[in-house]
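Okay, upload_31.csv now, which holds CSV, N, CA, C and O atoms:
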```csv
chain,number,residue,atom,x,y,z
A,1,MET,N,-16.6,-10.0,2.0
A,1,MET,CA,-16.1,-9.0,1.1
A,1,MET,C,-14.6,-8.8,1.4
A,1,MET,O,-14.2,-8.7,2.6
A,2,GLU,N,-13.8,-8.7,0.4
A,2,GLU,CA,-12.3,-8.5,0.5
A,2,GLU,C,-12.1,-7.0,1.0
A,2,GLU,O,-12.7,-6.1,0.5
A,3,LYS,N,-11.1,-6.9,1.9
A,3,LYS,CA,-10.7,-5.6,2.4
A,3,LYS,C,-9.4,-5.2,1.8
A,3,LYS,O,-8.4,-6.0,1.9
A,4,ILE,N,-9.3,-4.0,1.2
A,4,ILE,CA,-8.1,-3.5,0.6
A,4,ILE,C,-7.7,-2.2,1.3
A,4,ILE,O,-8.5,-1.4,1.5
A,5,LEU,N,-6.4,-2.1,1.6
A,5,LEU,CA,-5.9,-0.9,2.2
A,5,LEU,C,-5.0,-0.2,1.1
A,5,LEU,O,-4.1,-0.8,0.5
A,6,VAL,N,-5.4,1.1,0.8
A,6,VAL,CA,-4.6,1.9,-0.1
A,6,VAL,C,-3.8,2.9,0.7
A,6,VAL,O,-4.4,3.6,1.6
A,7,VAL,N,-2.5,2.9,0.6
A,7,VAL,CA,-1.6,3.8,1.3
A,7,VAL,C,-1.0,4.7,0.3
A,7,VAL,O,-0.1,4.3,-0.5
A,8,GLU,N,-1.6,5.9,0.1
A,8,GLU,CA,-1.2,6.8,-1.0
A,8,GLU,C,-1.4,8.2,-0.5
A,8,GLU,O,-2.5,8.6,0.0
A,9,ASP,N,-0.4,9.1,-0.6
A,9,ASP,CA,-0.6,10.5,-0.1
A,9,ASP,C,-1.1,11.4,-1.2
A,9,ASP,O,-1.6,12.5,-0.9
A,10,ASP,N,-1.0,11.1,-2.5
A,10,ASP,CA,-1.5,11.9,-3.5
A,10,ASP,C,-3.1,11.8,-3.6
A,10,ASP,O,-3.6,10.7,-3.9
A,11,PRO,N,-3.8,12.9,-3.3
A,11,PRO,CA,-5.3,12.8,-3.3
A,11,PRO,C,-5.9,12.3,-4.6
A,11,PRO,O,-6.8,11.5,-4.5
A,12,ALA,N,-5.4,12.7,-5.7
A,12,ALA,CA,-6.0,12.3,-7.0
A,12,ALA,C,-5.8,10.8,-7.2
A,12,ALA,O,-6.7,10.0,-7.6
A,13,ILE,N,-4.6,10.3,-7.0
A,13,ILE,CA,-4.3,8.8,-7.1
A,13,ILE,C,-5.1,8.0,-6.1
A,13,ILE,O,-5.7,7.0,-6.5
A,14,GLY,N,-5.0,8.4,-4.9
A,14,GLY,CA,-5.8,7.7,-3.8
A,14,GLY,C,-7.2,7.6,-4.1
A,14,GLY,O,-7.9,6.6,-4.0
A,15,ARG,N,-7.8,8.8,-4.4
A,15,ARG,CA,-9.3,8.8,-4.7
A,15,ARG,C,-9.6,7.9,-5.9
A,15,ARG,O,-10.6,7.2,-5.8
A,16,GLY,N,-8.8,8.0,-6.9
A,16,GLY,CA,-9.0,7.1,-8.1
A,16,GLY,C,-9.0,5.7,-7.8
A,16,GLY,O,-9.9,4.9,-8.2
A,17,LEU,N,-8.0,5.2,-7.0
A,17,LEU,CA,-7.9,3.8,-6.6
A,17,LEU,C,-9.1,3.4,-5.8
A,17,LEU,O,-9.7,2.3,-6.0
A,18,VAL,N,-9.4,4.2,-4.8
A,18,VAL,CA,-10.5,3.9,-3.9
A,18,VAL,C,-11.8,3.8,-4.6
A,18,VAL,O,-12.6,2.8,-4.5
A,19,GLU,N,-12.1,4.8,-5.5
A,19,GLU,CA,-13.4,4.8,-6.2
A,19,GLU,C,-13.5,3.6,-7.2
A,19,GLU,O,-14.5,2.9,-7.3
A,20,ALA,N,-12.4,3.3,-7.9
A,20,ALA,CA,-12.4,2.2,-8.9
A,20,ALA,C,-12.6,0.9,-8.1
A,20,ALA,O,-13.4,0.0,-8.6
A,21,LEU,N,-11.9,0.7,-7.0
A,21,LEU,CA,-12.0,-0.6,-6.3
A,21,LEU,C,-13.4,-0.8,-5.6
A,21,LEU,O,-13.9,-1.9,-5.5
A,22,LYS,N,-13.9,0.3,-5.1
A,22,LYS,CA,-15.3,0.3,-4.5
A,22,LYS,C,-16.3,-0.1,-5.5
A,22,LYS,O,-17.2,-0.9,-5.2
A,23,ARG,N,-16.2,0.4,-6.8
A,23,ARG,CA,-17.1,0.0,-7.8
A,23,ARG,C,-17.1,-1.5,-8.1
A,23,ARG,O,-18.0,-2.1,-8.6
A,24,GLU,N,-15.9,-2.1,-7.9
A,24,GLU,CA,-15.8,-3.5,-8.1
A,24,GLU,C,-16.2,-4.4,-6.9
A,24,GLU,O,-16.1,-5.6,-6.9
A,25,GLY,N,-16.7,-3.7,-5.8
A,25,GLY,CA,-17.3,-4.4,-4.7
A,25,GLY,C,-16.3,-4.6,-3.5
A,25,GLY,O,-16.7,-5.3,-2.6
A,26,TYR,N,-15.2,-4.0,-3.5
A,26,TYR,CA,-14.2,-4.2,-2.4
A,26,TYR,C,-14.5,-3.2,-1.3
A,26,TYR,O,-15.0,-2.1,-1.5
A,27,HIS,N,-14.2,-3.6,-0.1
A,27,HIS,CA,-14.2,-2.7,1.1
A,27,HIS,C,-12.9,-2.0,1.2
A,27,HIS,O,-11.8,-2.7,1.2
A,28,LEU,N,-12.8,-0.7,1.2
A,28,LEU,CA,-11.6,0.1,1.2
A,28,LEU,C,-11.3,0.9,2.4
A,28,LEU,O,-12.2,1.4,3.0
A,29,SER,N,-10.0,0.9,2.8
A,29,SER,CA,-9.5,1.9,3.7
A,29,SER,C,-8.4,2.7,3.0
A,29,SER,O,-7.7,2.1,2.1
A,30,TRP,N,-8.2,3.9,3.4
A,30,TRP,CA,-7.3,4.8,2.7
A,30,TRP,C,-6.4,5.5,3.7
A,30,TRP,O,-6.9,6.3,4.5
A,31,ALA,N,-5.1,5.2,3.7
A,31,ALA,CA,-4.2,5.9,4.6
A,31,ALA,C,-3.4,6.9,3.7
A,31,ALA,O,-3.0,6.6,2.6
A,32,LYS,N,-3.2,8.1,4.3
A,32,LYS,CA,-2.5,9.1,3.5
A,32,LYS,C,-1.1,9.4,3.9
A,32,LYS,O,-0.4,10.3,3.4
A,33,ASP,N,-0.5,8.6,4.8
A,33,ASP,CA,0.9,8.6,5.2
A,33,ASP,C,1.3,7.3,5.7
A,33,ASP,O,0.5,6.4,6.0
A,34,GLY,N,2.6,7.1,5.9
A,34,GLY,CA,3.2,5.9,6.4
A,34,GLY,C,2.7,5.4,7.7
A,34,GLY,O,2.2,4.3,7.9
A,35,PRO,N,2.7,6.3,8.7
A,35,PRO,CA,2.3,5.9,10.1
A,35,PRO,C,0.8,5.4,10.1
A,35,PRO,O,0.4,4.4,10.7
A,36,GLN,N,0.0,6.1,9.4
A,36,GLN,CA,-1.5,5.8,9.3
A,36,GLN,C,-1.6,4.4,8.6
A,36,GLN,O,-2.5,3.6,8.9
A,37,GLY,N,-0.8,4.2,7.5
A,37,GLY,CA,-0.8,2.9,6.8
A,37,GLY,C,-0.5,1.8,7.8
A,37,GLY,O,-1.2,0.7,7.7
A,38,LEU,N,0.5,1.9,8.7
A,38,LEU,CA,0.8,0.9,9.6
A,38,LEU,C,-0.4,0.6,10.6
A,38,LEU,O,-0.7,-0.5,10.9
A,39,GLU,N,-1.1,1.7,11.0
A,39,GLU,CA,-2.2,1.6,11.9
A,39,GLU,C,-3.3,0.8,11.3
A,39,GLU,O,-4.0,0.1,12.0
A,40,LEU,N,-3.6,1.0,10.0
A,40,LEU,CA,-4.7,0.4,9.3
A,40,LEU,C,-4.4,-1.0,8.7
A,40,LEU,O,-5.3,-1.6,8.0
A,41,ALA,N,-3.2,-1.4,8.8
A,41,ALA,CA,-2.7,-2.6,8.0
A,41,ALA,C,-3.2,-4.0,8.6
A,41,ALA,O,-3.1,-5.0,7.9
A,42,SER,N,-3.8,-4.0,9.8
A,42,SER,CA,-4.3,-5.2,10.3
A,42,SER,C,-5.7,-5.5,9.7
A,42,SER,O,-6.5,-4.6,9.3
A,43,ASP,N,-6.0,-6.8,9.6
A,43,ASP,CA,-7.3,-7.2,9.1
A,43,ASP,C,-7.7,-6.8,7.6
A,43,ASP,O,-8.8,-6.5,7.3
A,44,VAL,N,-6.6,-6.7,6.8
A,44,VAL,CA,-6.9,-6.5,5.4
A,44,VAL,C,-6.4,-7.7,4.5
A,44,VAL,O,-5.6,-8.4,5.0
A,45,HIS,N,-6.9,-7.8,3.3
A,45,HIS,CA,-6.5,-8.9,2.5
A,45,HIS,C,-5.5,-8.5,1.4
A,45,HIS,O,-4.9,-9.4,0.8
A,46,LEU,N,-5.3,-7.2,1.2
A,46,LEU,CA,-4.3,-6.7,0.2
A,46,LEU,C,-4.0,-5.3,0.6
A,46,LEU,O,-4.8,-4.5,1.0
A,47,ILE,N,-2.7,-4.9,0.3
A,47,ILE,CA,-2.3,-3.5,0.6
A,47,ILE,C,-1.7,-3.0,-0.7
A,47,ILE,O,-0.8,-3.6,-1.3
A,48,LEU,N,-2.2,-1.9,-1.2
A,48,LEU,CA,-1.6,-1.1,-2.3
A,48,LEU,C,-0.8,0.0,-1.7
A,48,LEU,O,-1.4,0.9,-1.1
A,49,LEU,N,0.5,0.0,-1.9
A,49,LEU,CA,1.4,0.8,-1.1
A,49,LEU,C,2.3,1.7,-2.0
A,49,LEU,O,3.1,1.2,-2.8
A,50,ASP,N,2.2,3.0,-1.8
A,50,ASP,CA,3.0,3.9,-2.5
A,50,ASP,C,4.4,3.9,-1.8
A,50,ASP,O,4.5,3.6,-0.6
A,51,LEU,N,5.5,4.2,-2.6
A,51,LEU,CA,6.8,4.2,-2.0
A,51,LEU,C,7.1,5.5,-1.3
A,51,LEU,O,7.8,5.6,-0.3
A,52,MET,N,6.7,6.6,-2.0
A,52,MET,CA,7.1,8.0,-1.5
A,52,MET,C,5.9,8.5,-0.6
A,52,MET,O,5.0,9.1,-1.1
A,53,LEU,N,6.0,8.3,0.7
A,53,LEU,CA,5.0,8.8,1.6
A,53,LEU,C,5.6,9.7,2.7
A,53,LEU,O,6.8,9.5,3.1
A,54,PRO,N,4.8,10.6,3.3
A,54,PRO,CA,5.2,11.3,4.4
A,54,PRO,C,5.2,10.5,5.7
A,54,PRO,O,4.5,9.5,5.8
A,55,GLY,N,6.1,10.8,6.6
A,55,GLY,CA,6.1,10.1,7.9
A,55,GLY,C,7.1,8.9,7.9
A,55,GLY,O,8.1,8.9,8.6
A,56,LEU,N,6.7,7.9,7.1
A,56,LEU,CA,7.5,6.7,6.8
A,56,LEU,C,7.4,6.4,5.4
A,56,LEU,O,6.3,6.5,4.8
A,57,SER,N,8.5,6.0,4.8
A,57,SER,CA,8.5,5.7,3.3
A,57,SER,C,7.7,4.3,3.2
A,57,SER,O,7.5,3.6,4.1
A,58,GLY,N,7.3,4.1,2.0
A,58,GLY,CA,6.6,2.9,1.7
A,58,GLY,C,7.5,1.7,1.9
A,58,GLY,O,7.0,0.6,2.4
A,59,LEU,N,8.8,1.8,1.7
A,59,LEU,CA,9.7,0.7,2.0
A,59,LEU,C,9.7,0.4,3.5
A,59,LEU,O,9.7,-0.8,3.9
A,60,GLU,N,9.7,1.5,4.3
A,60,GLU,CA,9.7,1.3,5.8
A,60,GLU,C,8.4,0.6,6.3
A,60,GLU,O,8.4,-0.2,7.1
A,61,VAL,N,7.3,1.1,5.6
A,61,VAL,CA,6.0,0.5,6.0
A,61,VAL,C,6.0,-1.0,5.6
A,61,VAL,O,5.5,-1.8,6.4
A,62,CYS,N,6.5,-1.3,4.4
A,62,CYS,CA,6.5,-2.7,4.0
A,62,CYS,C,7.3,-3.6,4.9
A,62,CYS,O,6.9,-4.6,5.3
A,63,LYS,N,8.5,-3.1,5.3
A,63,LYS,CA,9.4,-3.8,6.2
A,63,LYS,C,8.7,-4.1,7.6
A,63,LYS,O,8.7,-5.2,8.1
A,64,ALA,N,8.0,-3.0,8.1
A,64,ALA,CA,7.3,-3.2,9.4
A,64,ALA,C,6.2,-4.2,9.3
A,64,ALA,O,6.0,-5.0,10.2
A,65,ILE,N,5.4,-4.1,8.2
A,65,ILE,CA,4.3,-5.0,8.1
A,65,ILE,C,4.7,-6.4,8.0
A,65,ILE,O,4.1,-7.4,8.5
A,66,ARG,N,5.8,-6.7,7.3
A,66,ARG,CA,6.3,-8.0,7.1
A,66,ARG,C,6.8,-8.7,8.4
A,66,ARG,O,6.9,-9.9,8.5
A,67,LYS,N,7.1,-7.9,9.4
A,67,LYS,CA,7.5,-8.5,10.7
A,67,LYS,C,6.3,-9.2,11.3
A,67,LYS,O,6.6,-10.1,12.1
A,68,THR,N,5.1,-8.9,11.0
A,68,THR,CA,3.9,-9.5,11.6
A,68,THR,C,2.9,-10.1,10.7
A,68,THR,O,2.0,-10.8,11.2
A,69,SER,N,3.0,-9.9,9.4
A,69,SER,CA,2.0,-10.3,8.5
A,69,SER,C,2.5,-10.7,7.1
A,69,SER,O,3.6,-10.2,6.7
A,70,GLU,N,1.8,-11.6,6.5
A,70,GLU,CA,2.1,-12.0,5.1
A,70,GLU,C,1.1,-11.6,4.1
A,70,GLU,O,1.0,-12.1,3.0
A,71,VAL,N,0.3,-10.5,4.5
A,71,VAL,CA,-0.7,-10.0,3.6
A,71,VAL,C,0.0,-9.6,2.3
A,71,VAL,O,1.1,-9.0,2.3
A,72,PRO,N,-0.6,-9.8,1.1
A,72,PRO,CA,0.0,-9.4,-0.1
A,72,PRO,C,0.1,-7.9,-0.2
A,72,PRO,O,-0.8,-7.1,0.2
A,73,ILE,N,1.3,-7.4,-0.6
A,73,ILE,CA,1.6,-6.0,-0.8
A,73,ILE,C,2.0,-5.7,-2.2
A,73,ILE,O,2.9,-6.3,-2.7
A,74,ILE,N,1.3,-4.8,-2.9
A,74,ILE,CA,1.6,-4.4,-4.2
A,74,ILE,C,2.1,-2.9,-4.1
A,74,ILE,O,1.4,-2.1,-3.6
A,75,MET,N,3.3,-2.7,-4.6
A,75,MET,CA,3.8,-1.3,-4.6
A,75,MET,C,3.2,-0.6,-5.8
A,75,MET,O,3.2,-1.0,-6.9
A,76,VAL,N,2.7,0.6,-5.5
A,76,VAL,CA,2.1,1.5,-6.5
A,76,VAL,C,2.9,2.8,-6.5
A,76,VAL,O,2.9,3.5,-5.5
A,77,THR,N,3.7,2.9,-7.5
A,77,THR,CA,4.7,4.0,-7.5
A,77,THR,C,5.1,4.5,-8.9
A,77,THR,O,5.0,3.7,-9.8
A,78,ALA,N,5.5,5.7,-8.9
A,78,ALA,CA,6.0,6.3,-10.2
A,78,ALA,C,7.5,6.0,-10.4
A,78,ALA,O,8.0,6.1,-11.5
A,79,LYS,N,8.1,5.5,-9.3
A,79,LYS,CA,9.5,5.2,-9.4
A,79,LYS,C,9.7,3.9,-10.3
A,79,LYS,O,9.0,3.0,-10.2
A,80,SER,N,10.7,4.0,-11.2
A,80,SER,CA,11.0,2.9,-12.1
A,80,SER,C,12.4,2.4,-12.0
A,80,SER,O,12.8,1.6,-12.7
A,81,ASP,N,13.2,3.0,-11.1
A,81,ASP,CA,14.6,2.6,-10.9
A,81,ASP,C,14.6,1.2,-10.4
A,81,ASP,O,13.9,0.8,-9.5
A,82,GLU,N,15.5,0.4,-11.1
A,82,GLU,CA,15.6,-1.0,-10.8
A,82,GLU,C,16.0,-1.3,-9.3
A,82,GLU,O,15.5,-2.2,-8.7
A,83,THR,N,16.8,-0.4,-8.8
A,83,THR,CA,17.2,-0.5,-7.4
A,83,THR,C,16.0,-0.5,-6.4
A,83,THR,O,15.9,-1.3,-5.5
A,84,ASP,N,15.1,0.5,-6.7
A,84,ASP,CA,13.9,0.6,-5.8
A,84,ASP,C,13.1,-0.6,-5.9
A,84,ASP,O,12.5,-1.1,-4.9
A,85,ILE,N,12.9,-1.1,-7.1
A,85,ILE,CA,12.1,-2.3,-7.3
A,85,ILE,C,12.7,-3.5,-6.6
A,85,ILE,O,12.0,-4.2,-5.9
A,86,VAL,N,14.0,-3.7,-6.7
A,86,VAL,CA,14.7,-4.8,-6.0
A,86,VAL,C,14.6,-4.7,-4.5
A,86,VAL,O,14.2,-5.7,-3.8
A,87,VAL,N,14.8,-3.5,-4.0
A,87,VAL,CA,14.7,-3.3,-2.6
A,87,VAL,C,13.3,-3.6,-2.1
A,87,VAL,O,13.1,-4.2,-1.1
A,88,GLY,N,12.3,-3.2,-2.8
A,88,GLY,CA,10.9,-3.5,-2.5
A,88,GLY,C,10.6,-5.0,-2.4
A,88,GLY,O,10.0,-5.4,-1.4
A,89,PHE,N,11.1,-5.7,-3.3
A,89,PHE,CA,11.0,-7.2,-3.3
A,89,PHE,C,11.7,-7.8,-2.1
A,89,PHE,O,11.2,-8.7,-1.4
A,90,GLU,N,12.9,-7.3,-1.8
A,90,GLU,CA,13.7,-7.8,-0.7
A,90,GLU,C,13.0,-7.5,0.6
A,90,GLU,O,13.2,-8.3,1.5
A,91,LEU,N,12.3,-6.4,0.7
A,91,LEU,CA,11.6,-6.1,2.0
A,91,LEU,C,10.3,-6.8,2.1
A,91,LEU,O,9.6,-6.7,3.1
A,92,GLY,N,9.8,-7.5,1.1
A,92,GLY,CA,8.6,-8.3,1.2
A,92,GLY,C,7.5,-7.9,0.3
A,92,GLY,O,6.4,-8.5,0.4
A,93,ALA,N,7.6,-7.0,-0.6
A,93,ALA,CA,6.6,-6.6,-1.6
A,93,ALA,C,6.3,-7.8,-2.5
A,93,ALA,O,7.3,-8.6,-2.8
A,94,ASP,N,5.1,-8.0,-2.9
A,94,ASP,CA,4.7,-9.1,-3.8
A,94,ASP,C,4.8,-8.8,-5.2
A,94,ASP,O,4.9,-9.6,-6.1
A,95,ASP,N,4.5,-7.5,-5.5
A,95,ASP,CA,4.6,-7.0,-6.9
A,95,ASP,C,4.7,-5.5,-6.9
A,95,ASP,O,4.5,-4.8,-5.9
```
Written as structure tokens, that's how I'd like the structure from this file.
Amino acid sequence: MEKILVVEDDPAIGRGLVEALKREGYHLSWAKDGPQGLELASDVHLILLDLMLPGLSGLEVCKAIRKTSEVPIIMVTAKSDETDIVVGFELGADD
């Protein structure tokens, strides 16, 4: 079974992602801040990562994960500024 880590501080969004993906048969972990996201990032097959997180930003989390892992990272964010998108890709986000 594929393991997915959701790193999202908004309870409604996090709960929605977790419930929808569980219904599809995935094993889920949910981190509610940047430091917890880093702690849970090992042994997962995909990370859904919010940009605006307490503790460490999603960009900082992405950068730290990329130092040791090539796990696919998808940024999940309300930010639509082109600069944020480009920086996310430069730090290793896959989408």
Looking at A:Glu24, A:Glu60, A:Glu39, A:Asp33, which one is nearest to A:Glu8, with distances taken over only C-alpha atoms?
A:Asp33
Would you work out the distance separating atom O of A:Leu56 from atom N of A:Arg23, expressed in Å to one decimal?
26.0 Å
Residues near A:Gly25, cut-off 8 Å, only N, CA, C and O atoms, skip fewer than 4 positions along chain, as number ranges by chain:
A: 1-3, 18-21
Contacts of A:Val6 within 4.5 Å, all atoms listed in the file, excl. fewer than 6 positions in-chain, as an MDAnalysis selection string
chainID A and resid 29:31 48
List the residues sitting within 7 Å of (5.6, 5.9, 0.1) in the file's frame, using only N, CA, C and O atoms, as a list of chain:residue names.
A:Val7, A:Glu8, A:Asp9, A:Gly34, A:Leu49, A:Asp50, A:Leu51, A:Met52, A:Leu53, A:Pro54, A:Leu56, A:Ser57, A:Gly58, A:Leu59, A:Val76
Could you please determine the separation between atom C of A:Leu28 and atom CA of A:Lys67 in Å, to one decimal place?
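Going from atom C of A:Leu28 over to atom CA of A:Lys67 covers 22.6 Å.
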Helix (DSSP H, G or I) per DSSP on the backbone: members of stretch 4-79 of chain A, as a PyMOL selection string
chain A and resi 11-23+34-40+58-66
Expressed in Å to a single decimal, how great is the separation between atom C of A:Arg15 and atom CA of A:Val71?
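Pair atom C of A:Arg15 / atom CA of A:Val71 returns 22.1 Å.
Residue nearest A:Lys32, chosen from A:His45, A:Pro72, A:Pro11, A:Leu17 and counting all atoms listed in the file: A:Pro11.
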Which parts of stretch 1-92 of chain A does DSSP call strand (DSSP E or B) when run on the backbone here, written out as a ChimeraX atom specification?
/A:3-7,27-31,46-49,73-75
Which residues, protein or nucleic acid, reach to within 8 Å of (0.1, -3.7, 5.1) in the file's coordinates when using all atoms listed in the file, and can you give that as a PDB file with N, CA, C and O atoms, keeping the file's coordinate frame?
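This went into point_36.pdb:
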```
ATOM      1  N   LEU A   5      -6.400  -2.100   1.600  1.00  0.00           N
ATOM      2  CA  LEU A   5      -5.900  -0.900   2.200  1.00  0.00           C
ATOM      3  C   LEU A   5      -5.000  -0.200   1.100  1.00  0.00           C
ATOM      4  O   LEU A   5      -4.100  -0.800   0.500  1.00  0.00           O
ATOM      5  N   GLY A  37      -0.800   4.200   7.500  1.00  0.00           N
ATOM      6  CA  GLY A  37      -0.800   2.900   6.800  1.00  0.00           C
ATOM      7  C   GLY A  37      -0.500   1.800   7.800  1.00  0.00           C
ATOM      8  O   GLY A  37      -1.200   0.700   7.700  1.00  0.00           O
ATOM      9  N   LEU A  38       0.500   1.900   8.700  1.00  0.00           N
ATOM     10  CA  LEU A  38       0.800   0.900   9.600  1.00  0.00           C
ATOM     11  C   LEU A  38      -0.400   0.600  10.600  1.00  0.00           C
ATOM     12  O   LEU A  38      -0.700  -0.500  10.900  1.00  0.00           O
ATOM     13  N   LEU A  40      -3.600   1.000  10.000  1.00  0.00           N
ATOM     14  CA  LEU A  40      -4.700   0.400   9.300  1.00  0.00           C
ATOM     15  C   LEU A  40      -4.400  -1.000   8.700  1.00  0.00           C
ATOM     16  O   LEU A  40      -5.300  -1.600   8.000  1.00  0.00           O
ATOM     17  N   ALA A  41      -3.200  -1.400   8.800  1.00  0.00           N
ATOM     18  CA  ALA A  41      -2.700  -2.600   8.000  1.00  0.00           C
ATOM     19  C   ALA A  41      -3.200  -4.000   8.600  1.00  0.00           C
ATOM     20  O   ALA A  41      -3.100  -5.000   7.900  1.00  0.00           O
ATOM     21  N   SER A  42      -3.800  -4.000   9.800  1.00  0.00           N
ATOM     22  CA  SER A  42      -4.300  -5.200  10.300  1.00  0.00           C
ATOM     23  C   SER A  42      -5.700  -5.500   9.700  1.00  0.00           C
ATOM     24  O   SER A  42      -6.500  -4.600   9.300  1.00  0.00           O
ATOM     25  N   VAL A  44      -6.600  -6.700   6.800  1.00  0.00           N
ATOM     26  CA  VAL A  44      -6.900  -6.500   5.400  1.00  0.00           C
ATOM     27  C   VAL A  44      -6.400  -7.700   4.500  1.00  0.00           C
ATOM     28  O   VAL A  44      -5.600  -8.400   5.000  1.00  0.00           O
ATOM     29  N   LEU A  46      -5.300  -7.200   1.200  1.00  0.00           N
ATOM     30  CA  LEU A  46      -4.300  -6.700   0.200  1.00  0.00           C
ATOM     31  C   LEU A  46      -4.000  -5.300   0.600  1.00  0.00           C
ATOM     32  O   LEU A  46      -4.800  -4.500   1.000  1.00  0.00           O
ATOM     33  N   ILE A  47      -2.700  -4.900   0.300  1.00  0.00           N
ATOM     34  CA  ILE A  47      -2.300  -3.500   0.600  1.00  0.00           C
ATOM     35  C   ILE A  47      -1.700  -3.000  -0.700  1.00  0.00           C
ATOM     36  O   ILE A  47      -0.800  -3.600  -1.300  1.00  0.00           O
ATOM     37  N   LEU A  48      -2.200  -1.900  -1.200  1.00  0.00           N
ATOM     38  CA  LEU A  48      -1.600  -1.100  -2.300  1.00  0.00           C
ATOM     39  C   LEU A  48      -0.800   0.000  -1.700  1.00  0.00           C
ATOM     40  O   LEU A  48      -1.400   0.900  -1.100  1.00  0.00           O
ATOM     41  N   LEU A  49       0.500   0.000  -1.900  1.00  0.00           N
ATOM     42  CA  LEU A  49       1.400   0.800  -1.100  1.00  0.00           C
ATOM     43  C   LEU A  49       2.300   1.700  -2.000  1.00  0.00           C
ATOM     44  O   LEU A  49       3.100   1.200  -2.800  1.00  0.00           O
ATOM     45  N   VAL A  61       7.300   1.100   5.600  1.00  0.00           N
ATOM     46  CA  VAL A  61       6.000   0.500   6.000  1.00  0.00           C
ATOM     47  C   VAL A  61       6.000  -1.000   5.600  1.00  0.00           C
ATOM     48  O   VAL A  61       5.500  -1.800   6.400  1.00  0.00           O
ATOM     49  N   CYS A  62       6.500  -1.300   4.400  1.00  0.00           N
ATOM     50  CA  CYS A  62       6.500  -2.700   4.000  1.00  0.00           C
ATOM     51  C   CYS A  62       7.300  -3.600   4.900  1.00  0.00           C
ATOM     52  O   CYS A  62       6.900  -4.600   5.300  1.00  0.00           O
ATOM     53  N   ALA A  64       8.000  -3.000   8.100  1.00  0.00           N
ATOM     54  CA  ALA A  64       7.300  -3.200   9.400  1.00  0.00           C
ATOM     55  C   ALA A  64       6.200  -4.200   9.300  1.00  0.00           C
ATOM     56  O   ALA A  64       6.000  -5.000  10.200  1.00  0.00           O
ATOM     57  N   ILE A  65       5.400  -4.100   8.200  1.00  0.00           N
ATOM     58  CA  ILE A  65       4.300  -5.000   8.100  1.00  0.00           C
ATOM     59  C   ILE A  65       4.700  -6.400   8.000  1.00  0.00           C
ATOM     60  O   ILE A  65       4.100  -7.400   8.500  1.00  0.00           O
ATOM     61  N   ARG A  66       5.800  -6.700   7.300  1.00  0.00           N
ATOM     62  CA  ARG A  66       6.300  -8.000   7.100  1.00  0.00           C
ATOM     63  C   ARG A  66       6.800  -8.700   8.400  1.00  0.00           C
ATOM     64  O   ARG A  66       6.900  -9.900   8.500  1.00  0.00           O
ATOM     65  N   SER A  69       3.000  -9.900   9.400  1.00  0.00           N
ATOM     66  CA  SER A  69       2.000 -10.300   8.500  1.00  0.00           C
ATOM     67  C   SER A  69       2.500 -10.700   7.100  1.00  0.00           C
ATOM     68  O   SER A  69       3.600 -10.200   6.700  1.00  0.00           O
ATOM     69  N   VAL A  71       0.300 -10.500   4.500  1.00  0.00           N
ATOM     70  CA  VAL A  71      -0.700 -10.000   3.600  1.00  0.00           C
ATOM     71  C   VAL A  71       0.000  -9.600   2.300  1.00  0.00           C
ATOM     72  O   VAL A  71       1.100  -9.000   2.300  1.00  0.00           O
ATOM     73  N   PRO A  72      -0.600  -9.800   1.100  1.00  0.00           N
ATOM     74  CA  PRO A  72       0.000  -9.400  -0.100  1.00  0.00           C
ATOM     75  C   PRO A  72       0.100  -7.900  -0.200  1.00  0.00           C
ATOM     76  O   PRO A  72      -0.800  -7.100   0.200  1.00  0.00           O
ATOM     77  N   ILE A  73       1.300  -7.400  -0.600  1.00  0.00           N
ATOM     78  CA  ILE A  73       1.600  -6.000  -0.800  1.00  0.00           C
ATOM     79  C   ILE A  73       2.000  -5.700  -2.200  1.00  0.00           C
ATOM     80  O   ILE A  73       2.900  -6.300  -2.700  1.00  0.00           O
TER      81      ILE A  73
END
```
